[in-house]
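Student: Structure: work34.cif, mmCIF, C-alpha atoms and all ligand atoms.
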```cif
data_protein
#
loop_
_atom_site.group_PDB
_atom_site.id
_atom_site.type_symbol
_atom_site.label_atom_id
_atom_site.label_comp_id
_atom_site.auth_asym_id
_atom_site.auth_seq_id
_atom_site.Cartn_x
_atom_site.Cartn_y
_atom_site.Cartn_z
ATOM 1 C CA MET N 1 23.892 -37.379 -68.346
ATOM 2 C CA ARG N 2 24.675 -33.825 -69.370
ATOM 3 C CA GLU N 3 27.256 -33.664 -72.137
ATOM 4 C CA ASN N 4 28.984 -30.337 -72.204
ATOM 5 C CA PRO N 5 31.530 -30.236 -75.005
ATOM 6 C CA ASP N 6 34.766 -28.709 -73.822
ATOM 7 C CA TYR N 7 35.484 -27.411 -77.312
ATOM 8 C CA ASN N 8 32.965 -24.635 -76.666
ATOM 9 C CA ASP N 9 35.315 -23.098 -74.143
ATOM 10 C CA ILE N 10 37.958 -22.770 -76.820
ATOM 11 C CA TYR N 11 35.555 -21.289 -79.339
ATOM 12 C CA TYR N 12 34.075 -18.972 -76.748
ATOM 13 C CA GLN N 13 37.493 -17.552 -75.910
ATOM 14 C CA ASN N 14 38.154 -16.859 -79.555
ATOM 15 C CA THR N 15 34.680 -15.746 -80.529
ATOM 16 C CA THR N 16 34.156 -13.287 -77.708
ATOM 17 C CA ILE N 17 37.158 -11.298 -78.937
ATOM 18 C CA HIS N 18 36.022 -10.788 -82.499
ATOM 19 C CA SER N 19 32.261 -11.514 -82.391
ATOM 20 C CA GLN N 20 30.290 -9.049 -84.404
ATOM 21 C CA ILE N 21 27.076 -8.480 -86.281
ATOM 22 C CA ILE N 22 27.764 -7.482 -89.860
ATOM 23 C CA ASP N 23 25.428 -5.415 -91.966
ATOM 24 C CA ILE N 24 26.565 -6.409 -95.444
ATOM 25 C CA ILE N 25 24.834 -3.518 -97.204
ATOM 26 C CA ALA N 26 26.128 -0.877 -94.828
ATOM 27 C CA GLU N 27 29.568 -2.578 -94.843
ATOM 28 C CA ARG N 28 29.636 -2.233 -91.087
ATOM 29 C CA GLY N 29 30.301 -4.644 -88.241
ATOM 30 C CA VAL N 30 29.182 -3.923 -84.708
ATOM 31 C CA PRO N 31 30.972 -5.825 -81.916
ATOM 32 C CA LEU N 32 28.542 -8.143 -80.162
ATOM 33 C CA CYS N 33 29.759 -6.869 -76.810
ATOM 34 C CA GLU N 34 28.055 -3.553 -77.597
ATOM 35 C CA PHE N 35 24.721 -5.327 -77.155
ATOM 36 C CA PRO N 36 23.951 -5.591 -73.456
ATOM 37 C CA GLY N 37 21.766 -8.700 -73.799
ATOM 38 C CA PRO N 38 18.874 -10.134 -75.809
ATOM 39 C CA ILE N 39 18.306 -8.162 -78.991
ATOM 40 C CA ASN N 40 14.904 -6.704 -79.781
ATOM 41 C CA TRP N 41 14.584 -7.674 -83.445
ATOM 42 C CA GLU N 42 11.928 -5.113 -84.272
ATOM 43 C CA THR N 43 14.168 -2.280 -83.084
ATOM 44 C CA PHE N 44 17.244 -3.874 -84.599
ATOM 45 C CA PHE N 45 15.820 -4.400 -88.104
ATOM 46 C CA GLY N 46 13.441 -1.446 -87.933
ATOM 47 C CA ASN N 47 10.451 -3.624 -88.831
ATOM 48 C CA PRO N 48 8.267 -6.315 -87.238
ATOM 49 C CA HIS N 49 8.983 -8.989 -89.856
ATOM 50 C CA PRO N 50 9.615 -12.582 -88.777
ATOM 51 C CA VAL N 51 13.215 -13.549 -88.091
ATOM 52 C CA GLU N 52 14.887 -16.712 -89.375
ATOM 53 C CA ILE N 53 18.363 -17.881 -88.425
ATOM 54 C CA GLU N 54 20.726 -20.067 -90.381
ATOM 55 C CA ILE N 55 23.288 -21.768 -88.174
ATOM 56 C CA GLY N 56 26.626 -22.463 -89.844
ATOM 57 C CA SER N 57 25.818 -20.408 -92.933
ATOM 58 C CA GLY N 58 29.097 -21.369 -94.625
ATOM 59 C CA LYS N 59 29.638 -19.553 -97.904
ATOM 60 C CA GLY N 60 26.226 -17.880 -97.664
ATOM 61 C CA ARG N 61 24.414 -19.356 -100.641
ATOM 62 C CA PHE N 62 21.206 -20.104 -98.752
ATOM 63 C CA LEU N 63 21.329 -16.743 -97.000
ATOM 64 C CA LEU N 64 21.569 -14.833 -100.267
ATOM 65 C CA GLU N 65 18.901 -16.783 -102.146
ATOM 66 C CA ALA N 66 16.413 -16.900 -99.261
ATOM 67 C CA SER N 67 16.788 -13.222 -98.335
ATOM 68 C CA LYS N 68 16.327 -12.235 -101.969
ATOM 69 C CA ARG N 69 13.233 -14.418 -102.276
ATOM 70 C CA HIS N 70 11.608 -13.227 -99.039
ATOM 71 C CA PRO N 71 12.232 -9.507 -98.524
ATOM 72 C CA ALA N 72 9.608 -9.481 -95.750
ATOM 73 C CA VAL N 73 11.583 -11.969 -93.656
ATOM 74 C CA ASN N 74 14.662 -10.940 -91.683
ATOM 75 C CA TYR N 75 17.579 -13.363 -91.972
ATOM 76 C CA ILE N 76 20.527 -13.892 -89.699
ATOM 77 C CA GLY N 77 23.396 -16.153 -90.718
ATOM 78 C CA ILE N 78 25.628 -17.311 -87.886
ATOM 79 C CA GLU N 79 29.066 -18.506 -88.881
ATOM 80 C CA ARG N 80 32.059 -18.933 -86.652
ATOM 81 C CA ALA N 81 34.748 -19.391 -89.309
ATOM 82 C CA GLN N 82 36.240 -16.089 -90.424
ATOM 83 C CA LYS N 83 37.062 -17.503 -93.846
ATOM 84 C CA TYR N 84 33.388 -18.271 -94.525
ATOM 85 C CA VAL N 85 32.219 -14.947 -93.137
ATOM 86 C CA ALA N 86 34.531 -13.218 -95.621
ATOM 87 C CA LEU N 87 33.366 -15.467 -98.476
ATOM 88 C CA THR N 88 29.735 -14.696 -97.679
ATOM 89 C CA GLN N 89 30.402 -10.966 -97.724
ATOM 90 C CA GLU N 90 32.143 -11.433 -101.064
ATOM 91 C CA ARG N 91 29.199 -13.412 -102.436
ATOM 92 C CA PHE N 92 26.771 -10.579 -101.651
ATOM 93 C CA GLU N 93 29.197 -7.941 -102.978
ATOM 94 C CA LYS N 94 29.646 -9.870 -106.219
ATOM 95 C CA TYR N 95 25.908 -10.296 -106.640
ATOM 96 C CA MET N 96 25.276 -6.592 -106.102
ATOM 97 C CA ARG N 97 28.021 -5.604 -108.514
ATOM 98 C CA HIS N 98 26.921 -8.074 -111.161
ATOM 99 C CA PHE N 99 23.252 -7.083 -111.038
ATOM 100 C CA GLY N 100 23.911 -3.398 -110.374
ATOM 101 C CA VAL N 101 22.059 -3.445 -107.051
ATOM 102 C CA ASP N 102 21.922 0.020 -105.517
ATOM 103 C CA ARG N 103 22.778 -0.219 -101.809
ATOM 104 C CA ALA N 104 20.051 2.329 -101.092
ATOM 105 C CA SER N 105 17.402 0.161 -102.803
ATOM 106 C CA GLY N 106 16.636 -1.778 -99.654
ATOM 107 C CA MET N 107 17.580 -5.114 -101.198
ATOM 108 C CA PHE N 108 19.396 -7.290 -98.644
ATOM 109 C CA SER N 109 18.581 -4.838 -95.853
ATOM 110 C CA ASN N 110 16.879 -7.908 -94.323
ATOM 111 C CA VAL N 111 20.180 -9.786 -93.805
ATOM 112 C CA ARG N 112 22.790 -9.752 -91.074
ATOM 113 C CA LEU N 113 25.789 -11.973 -90.743
ATOM 114 C CA VAL N 114 26.906 -12.854 -87.247
ATOM 115 C CA TRP N 115 30.513 -13.886 -86.898
ATOM 116 C CA THR N 116 30.476 -15.937 -83.737
ATOM 117 C CA ASP N 117 29.631 -19.316 -82.248
ATOM 118 C CA ALA N 118 25.940 -20.159 -82.620
ATOM 119 C CA ASN N 119 25.578 -21.444 -79.098
ATOM 120 C CA TYR N 120 27.167 -18.287 -77.727
ATOM 121 C CA PHE N 121 24.818 -16.110 -79.782
ATOM 122 C CA LEU N 122 21.620 -18.036 -79.041
ATOM 123 C CA THR N 123 22.171 -18.288 -75.309
ATOM 124 C CA ARG N 124 23.038 -14.615 -74.836
ATOM 125 C CA TYR N 125 21.340 -12.591 -77.546
ATOM 126 C CA VAL N 126 18.191 -14.289 -78.830
ATOM 127 C CA PRO N 127 14.957 -13.484 -76.951
ATOM 128 C CA ASN N 128 12.418 -16.163 -76.026
ATOM 129 C CA GLY N 129 10.055 -17.219 -78.789
ATOM 130 C CA SER N 130 11.463 -14.665 -81.227
ATOM 131 C CA ILE N 131 12.591 -16.926 -84.081
ATOM 132 C CA GLN N 132 10.233 -18.156 -86.775
ATOM 133 C CA ALA N 133 12.662 -20.687 -88.222
ATOM 134 C CA TYR N 134 16.105 -22.164 -87.779
ATOM 135 C CA HIS N 135 17.949 -23.597 -90.759
ATOM 136 C CA ILE N 136 20.752 -26.021 -89.979
ATOM 137 C CA TYR N 137 22.202 -27.419 -93.167
ATOM 138 C CA PHE N 138 25.021 -29.932 -93.118
ATOM 139 C CA PRO N 139 26.025 -29.445 -89.493
ATOM 140 C CA ASP N 140 29.588 -30.670 -88.909
ATOM 141 C CA PRO N 141 29.230 -34.458 -88.383
ATOM 142 C CA TRP N 142 32.540 -34.909 -86.510
ATOM 143 C CA PRO N 143 32.823 -38.468 -87.822
ATOM 144 C CA LYS N 144 35.687 -39.625 -85.586
ATOM 145 C CA LYS N 145 34.379 -41.338 -82.504
ATOM 146 C CA ARG N 146 36.409 -39.290 -80.028
ATOM 147 C CA GLN N 147 35.208 -36.044 -81.679
ATOM 148 C CA ARG N 148 31.497 -36.834 -81.707
ATOM 149 C CA LYS N 149 30.993 -34.991 -78.444
ATOM 150 C CA ARG N 150 31.516 -31.834 -80.516
ATOM 151 C CA ARG N 151 28.312 -32.381 -82.469
ATOM 152 C CA ILE N 152 26.094 -29.386 -81.990
ATOM 153 C CA PHE N 153 22.976 -31.526 -81.473
ATOM 154 C CA ARG N 154 24.695 -33.177 -78.471
ATOM 155 C CA ASN N 155 24.991 -29.864 -76.699
ATOM 156 C CA GLN N 156 22.157 -29.553 -74.175
ATOM 157 C CA ASP N 157 22.620 -25.797 -73.777
ATOM 158 C CA PHE N 158 22.256 -25.424 -77.513
ATOM 159 C CA LEU N 159 19.105 -27.575 -77.659
ATOM 160 C CA SER N 160 17.559 -25.614 -74.788
ATOM 161 C CA ALA N 161 18.378 -22.307 -76.457
ATOM 162 C CA LEU N 162 16.992 -23.540 -79.759
ATOM 163 C CA THR N 163 13.626 -24.532 -78.331
ATOM 164 C CA ARG N 164 13.420 -21.558 -75.966
ATOM 165 C CA THR N 165 13.885 -19.103 -78.825
ATOM 166 C CA LEU N 166 11.549 -20.676 -81.399
ATOM 167 C CA ASN N 167 8.157 -19.073 -81.877
ATOM 168 C CA ILE N 168 5.945 -21.137 -79.568
ATOM 169 C CA GLU N 169 3.020 -21.199 -81.979
ATOM 170 C CA ASP N 170 4.642 -22.615 -85.078
ATOM 171 C CA GLY N 171 8.391 -22.012 -85.097
ATOM 172 C CA ARG N 172 10.224 -24.440 -87.359
ATOM 173 C CA LEU N 173 13.552 -26.154 -87.491
ATOM 174 C CA TYR N 174 14.867 -27.272 -90.880
ATOM 175 C CA ILE N 175 17.699 -29.791 -90.970
ATOM 176 C CA THR N 176 19.606 -31.317 -93.868
ATOM 177 C CA THR N 177 22.606 -33.632 -93.754
ATOM 178 C CA ASP N 178 24.361 -36.216 -95.890
ATOM 179 C CA TYR N 179 25.525 -38.152 -92.829
ATOM 180 C CA ALA N 180 23.064 -40.997 -92.140
ATOM 181 C CA GLU N 181 24.381 -41.937 -88.724
ATOM 182 C CA TYR N 182 24.294 -38.338 -87.474
ATOM 183 C CA PHE N 183 20.822 -37.879 -88.977
ATOM 184 C CA GLN N 184 19.654 -40.854 -86.931
ATOM 185 C CA GLU N 185 21.206 -39.393 -83.811
ATOM 186 C CA ILE N 186 19.651 -35.961 -84.413
ATOM 187 C CA GLN N 187 16.220 -37.532 -84.786
ATOM 188 C CA GLU N 188 16.668 -39.550 -81.598
ATOM 189 C CA ARG N 189 17.837 -36.557 -79.615
ATOM 190 C CA LEU N 190 15.021 -34.329 -80.864
ATOM 191 C CA ALA N 191 12.483 -37.074 -80.127
ATOM 192 C CA GLY N 192 13.569 -36.735 -76.503
ATOM 193 C CA LEU N 193 12.401 -33.110 -76.383
ATOM 194 C CA SER N 194 8.827 -32.370 -75.384
ATOM 195 C CA THR N 195 8.936 -29.043 -77.212
ATOM 196 C CA LEU N 196 9.380 -30.163 -80.823
ATOM 197 C CA HIS N 197 7.584 -32.558 -83.101
ATOM 198 C CA PRO N 198 8.568 -33.761 -86.548
ATOM 199 C CA ILE N 199 6.483 -32.710 -89.516
ATOM 200 C CA GLU N 200 6.036 -35.458 -92.042
ATOM 201 C CA SER N 201 5.299 -33.300 -95.034
ATOM 202 C CA GLY N 202 6.042 -29.776 -96.115
ATOM 203 C CA LEU N 203 9.786 -29.540 -96.337
ATOM 204 C CA GLY N 204 9.382 -25.812 -96.559
ATOM 205 C CA PRO N 205 9.133 -23.106 -99.166
ATOM 206 C CA ASP N 206 12.899 -23.006 -99.679
ATOM 207 C CA ARG N 207 13.527 -26.694 -100.119
ATOM 208 C CA ASP N 208 14.847 -25.941 -103.621
ATOM 209 C CA ILE N 209 17.607 -23.622 -102.429
ATOM 210 C CA ALA N 210 20.722 -25.756 -102.290
ATOM 211 C CA THR N 211 23.569 -24.792 -99.992
ATOM 212 C CA ASN N 212 27.154 -25.123 -101.198
ATOM 213 C CA PHE N 213 27.542 -28.441 -99.415
ATOM 214 C CA GLU N 214 24.314 -29.741 -100.886
ATOM 215 C CA MET N 215 25.412 -28.853 -104.413
ATOM 216 C CA LYS N 216 28.741 -30.561 -103.861
ATOM 217 C CA TYR N 217 27.265 -33.720 -102.344
ATOM 218 C CA VAL N 218 24.484 -34.053 -104.895
ATOM 219 C CA LEU N 219 27.109 -33.954 -107.644
ATOM 220 C CA GLU N 220 28.978 -36.710 -105.807
ATOM 221 C CA GLY N 221 25.770 -38.752 -105.771
ATOM 222 C CA ARG N 222 25.481 -38.881 -101.980
ATOM 223 C CA ASP N 223 22.133 -39.445 -100.263
ATOM 224 C CA ILE N 224 20.681 -36.357 -98.621
ATOM 225 C CA TYR N 225 18.524 -36.579 -95.483
ATOM 226 C CA ARG N 226 16.044 -33.889 -94.486
ATOM 227 C CA ALA N 227 13.788 -33.266 -91.526
ATOM 228 C CA VAL N 228 11.510 -30.483 -90.375
ATOM 229 C CA TYR N 229 10.374 -29.966 -86.790
ATOM 230 C CA GLU N 230 7.747 -27.646 -85.415
ATOM 231 C CA ARG N 231 7.533 -26.121 -81.970
ATOM 232 C CA PHE N 232 4.596 -27.541 -80.049
ATOM 233 C CA SER N 233 1.981 -24.923 -79.308
ATOM 234 C CA PRO N 234 1.746 -23.908 -75.617
ATOM 235 C CA GLN N 235 -1.105 -26.267 -74.671
ATOM 236 C CA HIS N 236 1.193 -29.215 -75.391
ATOM 237 C CA THR N 237 4.117 -28.082 -73.256
HETATM 238 C C1 LIG R 1 29.699 -28.518 -93.131
HETATM 239 S S1 LIG R 1 29.648 -26.793 -93.184
HETATM 240 C C2 LIG R 1 28.070 -26.445 -93.949
HETATM 241 C C3 LIG R 1 27.967 -25.032 -94.460
HETATM 242 C C4 LIG R 1 26.623 -24.670 -95.117
HETATM 243 N N1 LIG R 1 25.541 -24.821 -94.171
HETATM 244 C C5 LIG R 1 26.381 -25.505 -96.339
HETATM 245 O O1 LIG R 1 25.520 -26.394 -96.269
HETATM 246 O O2 LIG R 1 27.018 -25.264 -97.360
HETATM 247 C C6 LIG R 1 29.306 -26.413 -91.478
HETATM 248 C C7 LIG R 1 29.481 -24.944 -91.194
HETATM 249 O O3 LIG R 1 29.021 -24.665 -89.881
HETATM 250 C C8 LIG R 1 29.939 -23.808 -89.235
HETATM 251 N N2 LIG R 1 29.767 -24.057 -87.799
HETATM 252 C C9 LIG R 1 29.957 -25.229 -87.167
HETATM 253 N N3 LIG R 1 29.664 -25.114 -85.868
HETATM 254 C C10 LIG R 1 29.271 -23.829 -85.680
HETATM 255 C C11 LIG R 1 28.861 -23.089 -84.546
HETATM 256 N N4 LIG R 1 28.789 -23.654 -83.340
HETATM 257 N N5 LIG R 1 28.556 -21.792 -84.700
HETATM 258 C C12 LIG R 1 28.621 -21.209 -85.929
HETATM 259 N N6 LIG R 1 29.014 -21.856 -87.035
HETATM 260 C C13 LIG R 1 29.338 -23.141 -86.911
HETATM 261 C C14 LIG R 1 31.286 -24.205 -89.803
HETATM 262 O O4 LIG R 1 32.251 -23.191 -89.656
HETATM 263 C C15 LIG R 1 30.934 -24.472 -91.251
HETATM 264 O O5 LIG R 1 30.990 -23.322 -92.042
#
```
Written as C-alpha cells, that's how I'd like the structure from this file.
Tutor:
Amino acid sequence: MRENPDYNDIYYQNTTIHSQIIDIIAERGVPLCEFPGPINWETFFGNPHPVEIEIGSGKGRFLLEASKRHPAVNYIGIERAQKYVALTQERFEKYMRHFGVDRASGMFSNVRLVWTDANYFLTRYVPNGSIQAYHIYFPDPWPKKRQRKRRIFRNQDFLSALTRTLNIEDGRLYITTDYAEYFQEIQERLAGLSTLHPIESGLGPDRDIATNFEMKYVLEGRDIYRAVYERFSPQHT
C-alpha cells in the first residue's frame, strides 16, 4: 500500500515560500522558483564534475569537510530547517575567516546549500541519473509509533526520486544511523527495490568524516549502523 505522509503537505507549503539555493561563497541565495525545472548541473556549477547530495545536512560538518577534501566534486546540502541552514553558513564563514580563505580562490565554489524539503527538491529539480552519490546521515527516526509514517524512507515518492536520479552505472547511497530499528526498516525497504543493491565492503572514501550527530552519539557510546547501496547497472533493471 502506498504510504504518503501528510506531513509533506505542511512542509511543502512552508518550503515553497522560502526555498532557495544558497551560494555560500557568493553570499547569495536564489529562490528555487526561479528555476523552471530540472537543473543542468554542468551549466549550474560551470563544470562537468560529479554531483553528490547530502540530505538533511544539519550543521554542515560533512558538507564542509567533504567539499574541502574533494574540490573536483560538486556538493549540494539539502536542509529544511532554517536554523541549521544558518548554522551551516556560519560554519563556512568561520572556517574562511579562521584560515584566511580568499573568496576568489575557488575554495568551496563546489558547494551549494539548498534550503528546502529534500523530497520537494529531488522530485522537481534533480535530473535523471545525474547524482553520483547521496549521503543520508542520521535521518530523523521519528521514534513514536504514530509519527513513524514521517520517516523519509517510508515515502515512496522519495524512494522513486532517489533511484531515478542516481547515476545508473554506479551511483551510491550512503546511510548512517544510530537507530537500530529504523536501520532494519531502511534495509528491508531498500531490499524491496530492484534498482539498488547493498555493497558489503567499501564504506566510502569519506567514512572518517563524522557528522555532528555522529560525534555526539559516539561520545555517548551509542552503536552506529552504516550501509552503502549501489545503483544496479542498466542490464539489471
Ligand atoms: C537528526 S538530524 C542529522 C543532521 C546531520 N545529518 C548530522 O548527522 O549531524 C536530521 C536533519 O535532517 C533534516 N531533515 C529531515 N527531513 C528532511 C527533509 N525532508 N528535507 C531536508 N532536510 C530534512 C532535519 O532538519 C535535520 O537537520
Student: Write out as CSV the residues of chain N that have any atom within 7 Å of an atom of ligand LIG 1 (chain R), one row each with the nearest atom pair and its distance in Å to one decimal, counting only C-alpha atoms and all ligand atoms, sorted by chain and then rising number.
Tutor:
```
residue,atom,partner,partner_atom,distance
N:Ile55,CA,R:LIG1,C12,5.8
N:Gly56,CA,R:LIG1,O3,3.3
N:Ser57,CA,R:LIG1,N1,4.6
N:Gly58,CA,R:LIG1,O5,3.8
N:Lys59,CA,R:LIG1,O2,6.3
N:Ile78,CA,R:LIG1,C12,5.3
N:Glu79,CA,R:LIG1,N6,3.8
N:Arg80,CA,R:LIG1,C12,4.2
N:Ala81,CA,R:LIG1,O4,4.6
N:Tyr84,CA,R:LIG1,O5,6.1
N:Thr116,CA,R:LIG1,C12,6.0
N:Asp117,CA,R:LIG1,N5,3.6
N:Ala118,CA,R:LIG1,N5,3.7
N:Asn119,CA,R:LIG1,N4,5.8
N:Ile136,CA,R:LIG1,N1,6.5
N:Tyr137,CA,R:LIG1,N1,4.3
N:Phe138,CA,R:LIG1,C2,4.7
N:Pro139,CA,R:LIG1,C6,4.9
N:Asp140,CA,R:LIG1,C1,4.7
N:Ile152,CA,R:LIG1,N4,6.5
N:Thr211,CA,R:LIG1,O2,4.4
N:Asn212,CA,R:LIG1,O2,3.8
N:Phe213,CA,R:LIG1,O2,3.8
N:Glu214,CA,R:LIG1,O1,5.8
```
Student: Next, the residues of the selection above should be written as a PDB file, in the frame of the given file with C-alpha atoms.
Tutor:
```
ATOM      1  CA  ILE N  55      23.288 -21.768 -88.174  1.00  0.00           C
ATOM      2  CA  GLY N  56      26.626 -22.463 -89.844  1.00  0.00           C
ATOM      3  CA  SER N  57      25.818 -20.408 -92.933  1.00  0.00           C
ATOM      4  CA  GLY N  58      29.097 -21.369 -94.625  1.00  0.00           C
ATOM      5  CA  LYS N  59      29.638 -19.553 -97.904  1.00  0.00           C
ATOM      6  CA  ILE N  78      25.628 -17.311 -87.886  1.00  0.00           C
ATOM      7  CA  GLU N  79      29.066 -18.506 -88.881  1.00  0.00           C
ATOM      8  CA  ARG N  80      32.059 -18.933 -86.652  1.00  0.00           C
ATOM      9  CA  ALA N  81      34.748 -19.391 -89.309  1.00  0.00           C
ATOM     10  CA  TYR N  84      33.388 -18.271 -94.525  1.00  0.00           C
ATOM     11  CA  THR N 116      30.476 -15.937 -83.737  1.00  0.00           C
ATOM     12  CA  ASP N 117      29.631 -19.316 -82.248  1.00  0.00           C
ATOM     13  CA  ALA N 118      25.940 -20.159 -82.620  1.00  0.00           C
ATOM     14  CA  ASN N 119      25.578 -21.444 -79.098  1.00  0.00           C
ATOM     15  CA  ILE N 136      20.752 -26.021 -89.979  1.00  0.00           C
ATOM     16  CA  TYR N 137      22.202 -27.419 -93.167  1.00  0.00           C
ATOM     17  CA  PHE N 138      25.021 -29.932 -93.118  1.00  0.00           C
ATOM     18  CA  PRO N 139      26.025 -29.445 -89.493  1.00  0.00           C
ATOM     19  CA  ASP N 140      29.588 -30.670 -88.909  1.00  0.00           C
ATOM     20  CA  ILE N 152      26.094 -29.386 -81.990  1.00  0.00           C
ATOM     21  CA  THR N 211      23.569 -24.792 -99.992  1.00  0.00           C
ATOM     22  CA  ASN N 212      27.154 -25.123-101.198  1.00  0.00           C
ATOM     23  CA  PHE N 213      27.542 -28.441 -99.415  1.00  0.00           C
ATOM     24  CA  GLU N 214      24.314 -29.741-100.886  1.00  0.00           C
TER      25      GLU N 214
END
```
Student: Given the choices N:Leu113, N:Leu87, N:Leu162, N:Leu64, which gets closest to Ser19 in chain N if the distance is worked out from only C-alpha atoms?
Tutor: N:Leu113
Student: If you measure from CA of Ala161 in chain N to CA of Leu32 in chain N, what distance in Å do you get, rounded to one decimal?
Tutor: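 Result for CA of Ala161 in chain N versus CA of Leu32 in chain N: 17.8 Å, one decimal.
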Student: Could you tell me which of N:Ile186, N:Ile131, N:Val228, N:Ala180 comes closest to Ile39 in chain N if we count all atoms listed in the file?
Tutor: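 Of the candidates, the smallest distance to Ile39 in chain N is held by N:Ile131.
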Student: Grab the CA of Gly77 in chain N to CA of Thr123 in chain N distance for me, in Å with one decimal place.
Tutor: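 One can read the CA of Gly77 in chain N to CA of Thr123 in chain N distance as 15.6 Å.
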Student: Env of Tyr134 in chain N: 10 Å cut, atoms = only C-alpha atoms, seq-sep filter 3 positions within chain, self excluded. Answer as a list in words.
Tutor: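 Surrounding residues, per the criterion: Val51, Glu52, Ile53, Glu54, Ile55, Tyr75, Ile76, Gly77, Ile131, Tyr137, Leu162, Thr165, Leu166, Gly171, Arg172, Leu173, Tyr174, Ile175, Val228 and Tyr229 of chain N.
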Student: Keeping C-alpha atoms, export the residues of the selection given above as an mmCIF file, in the frame of the given file.
Tutor:
```cif
data_model
loop_
_atom_site.group_PDB
_atom_site.id
_atom_site.type_symbol
_atom_site.label_atom_id
_atom_site.label_comp_id
_atom_site.auth_asym_id
_atom_site.auth_seq_id
_atom_site.Cartn_x
_atom_site.Cartn_y
_atom_site.Cartn_z
ATOM 1 C CA VAL N 51 13.215 -13.549 -88.091
ATOM 2 C CA GLU N 52 14.887 -16.712 -89.375
ATOM 3 C CA ILE N 53 18.363 -17.881 -88.425
ATOM 4 C CA GLU N 54 20.726 -20.067 -90.381
ATOM 5 C CA ILE N 55 23.288 -21.768 -88.174
ATOM 6 C CA TYR N 75 17.579 -13.363 -91.972
ATOM 7 C CA ILE N 76 20.527 -13.892 -89.699
ATOM 8 C CA GLY N 77 23.396 -16.153 -90.718
ATOM 9 C CA ILE N 131 12.591 -16.926 -84.081
ATOM 10 C CA TYR N 137 22.202 -27.419 -93.167
ATOM 11 C CA LEU N 162 16.992 -23.540 -79.759
ATOM 12 C CA THR N 165 13.885 -19.103 -78.825
ATOM 13 C CA LEU N 166 11.549 -20.676 -81.399
ATOM 14 C CA GLY N 171 8.391 -22.012 -85.097
ATOM 15 C CA ARG N 172 10.224 -24.440 -87.359
ATOM 16 C CA LEU N 173 13.552 -26.154 -87.491
ATOM 17 C CA TYR N 174 14.867 -27.272 -90.880
ATOM 18 C CA ILE N 175 17.699 -29.791 -90.970
ATOM 19 C CA VAL N 228 11.510 -30.483 -90.375
ATOM 20 C CA TYR N 229 10.374 -29.966 -86.790
#
```
Student: If you measure from CA of Arg112 in chain N to CA of Thr176 in chain N, what distance in Å do you get, rounded to one decimal?
Tutor: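 Between these atoms lies a distance of 22.0 Å.
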Student: Just need the box for range 30-37 of chain N, edges along x, y and z, holding every atom the file lists for it with 5 Å tacked onto each side, so centre and edge lengths in Å to one decimal, as lines of an AutoDock Vina configuration file.
Tutor:
```
center_x = 26.4
center_y = -6.1
center_z = -79.1
size_x = 19.2
size_y = 15.1
size_z = 21.3
```
Student: Using all atoms listed in the file, can you tell me which of N:Gly204, N:Gly106, N:Gly221, N:Pro36 comes closest to His135 in chain N?
Tutor: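 That would be N:Gly204, the residue with the smallest distance to His135 in chain N.
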Student: Using only C-alpha atoms, which residues sit within 9 Å of His49 in chain N once same-chain residues fewer than 2 positions away are excluded, as a list in words?
Tutor: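 That gives Trp41, Glu42, Phe45, Gly46, Asn47, Val51, Ala72, Val73 and Asn74 of chain N.
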Student: My list of candidates is N:Glu93, N:Glu220, N:Asp178, N:Asp157. Which is closest to Phe121 in chain N when distances are computed with all atoms listed in the file?
Tutor: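 Looking only at the distances to Phe121 in chain N, the closest residue turns out to be N:Asp157.
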Student: In terms of the shortest atom-to-atom distance over all atoms listed in the file, which of N:Asn128, N:Asn155, N:Ser67, N:Gln20 is closest to Leu190 in chain N?
Tutor: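 Of the candidates, the smallest distance to Leu190 in chain N is held by N:Asn155.
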Student: Which of these residues is nearest to Tyr217 in chain N, using all atoms listed in the file: N:Gln147, N:Tyr120, N:Thr177, N:Val30?
Tutor: N:Thr177
Student: Could you state which residues are captured by the PyMOL selection byres (((chain N and resi 151) around 7) and not hetatm) in this file, as an MDAnalysis selection string?
Tutor: chainID N and resid 140:142 148:150 152:154
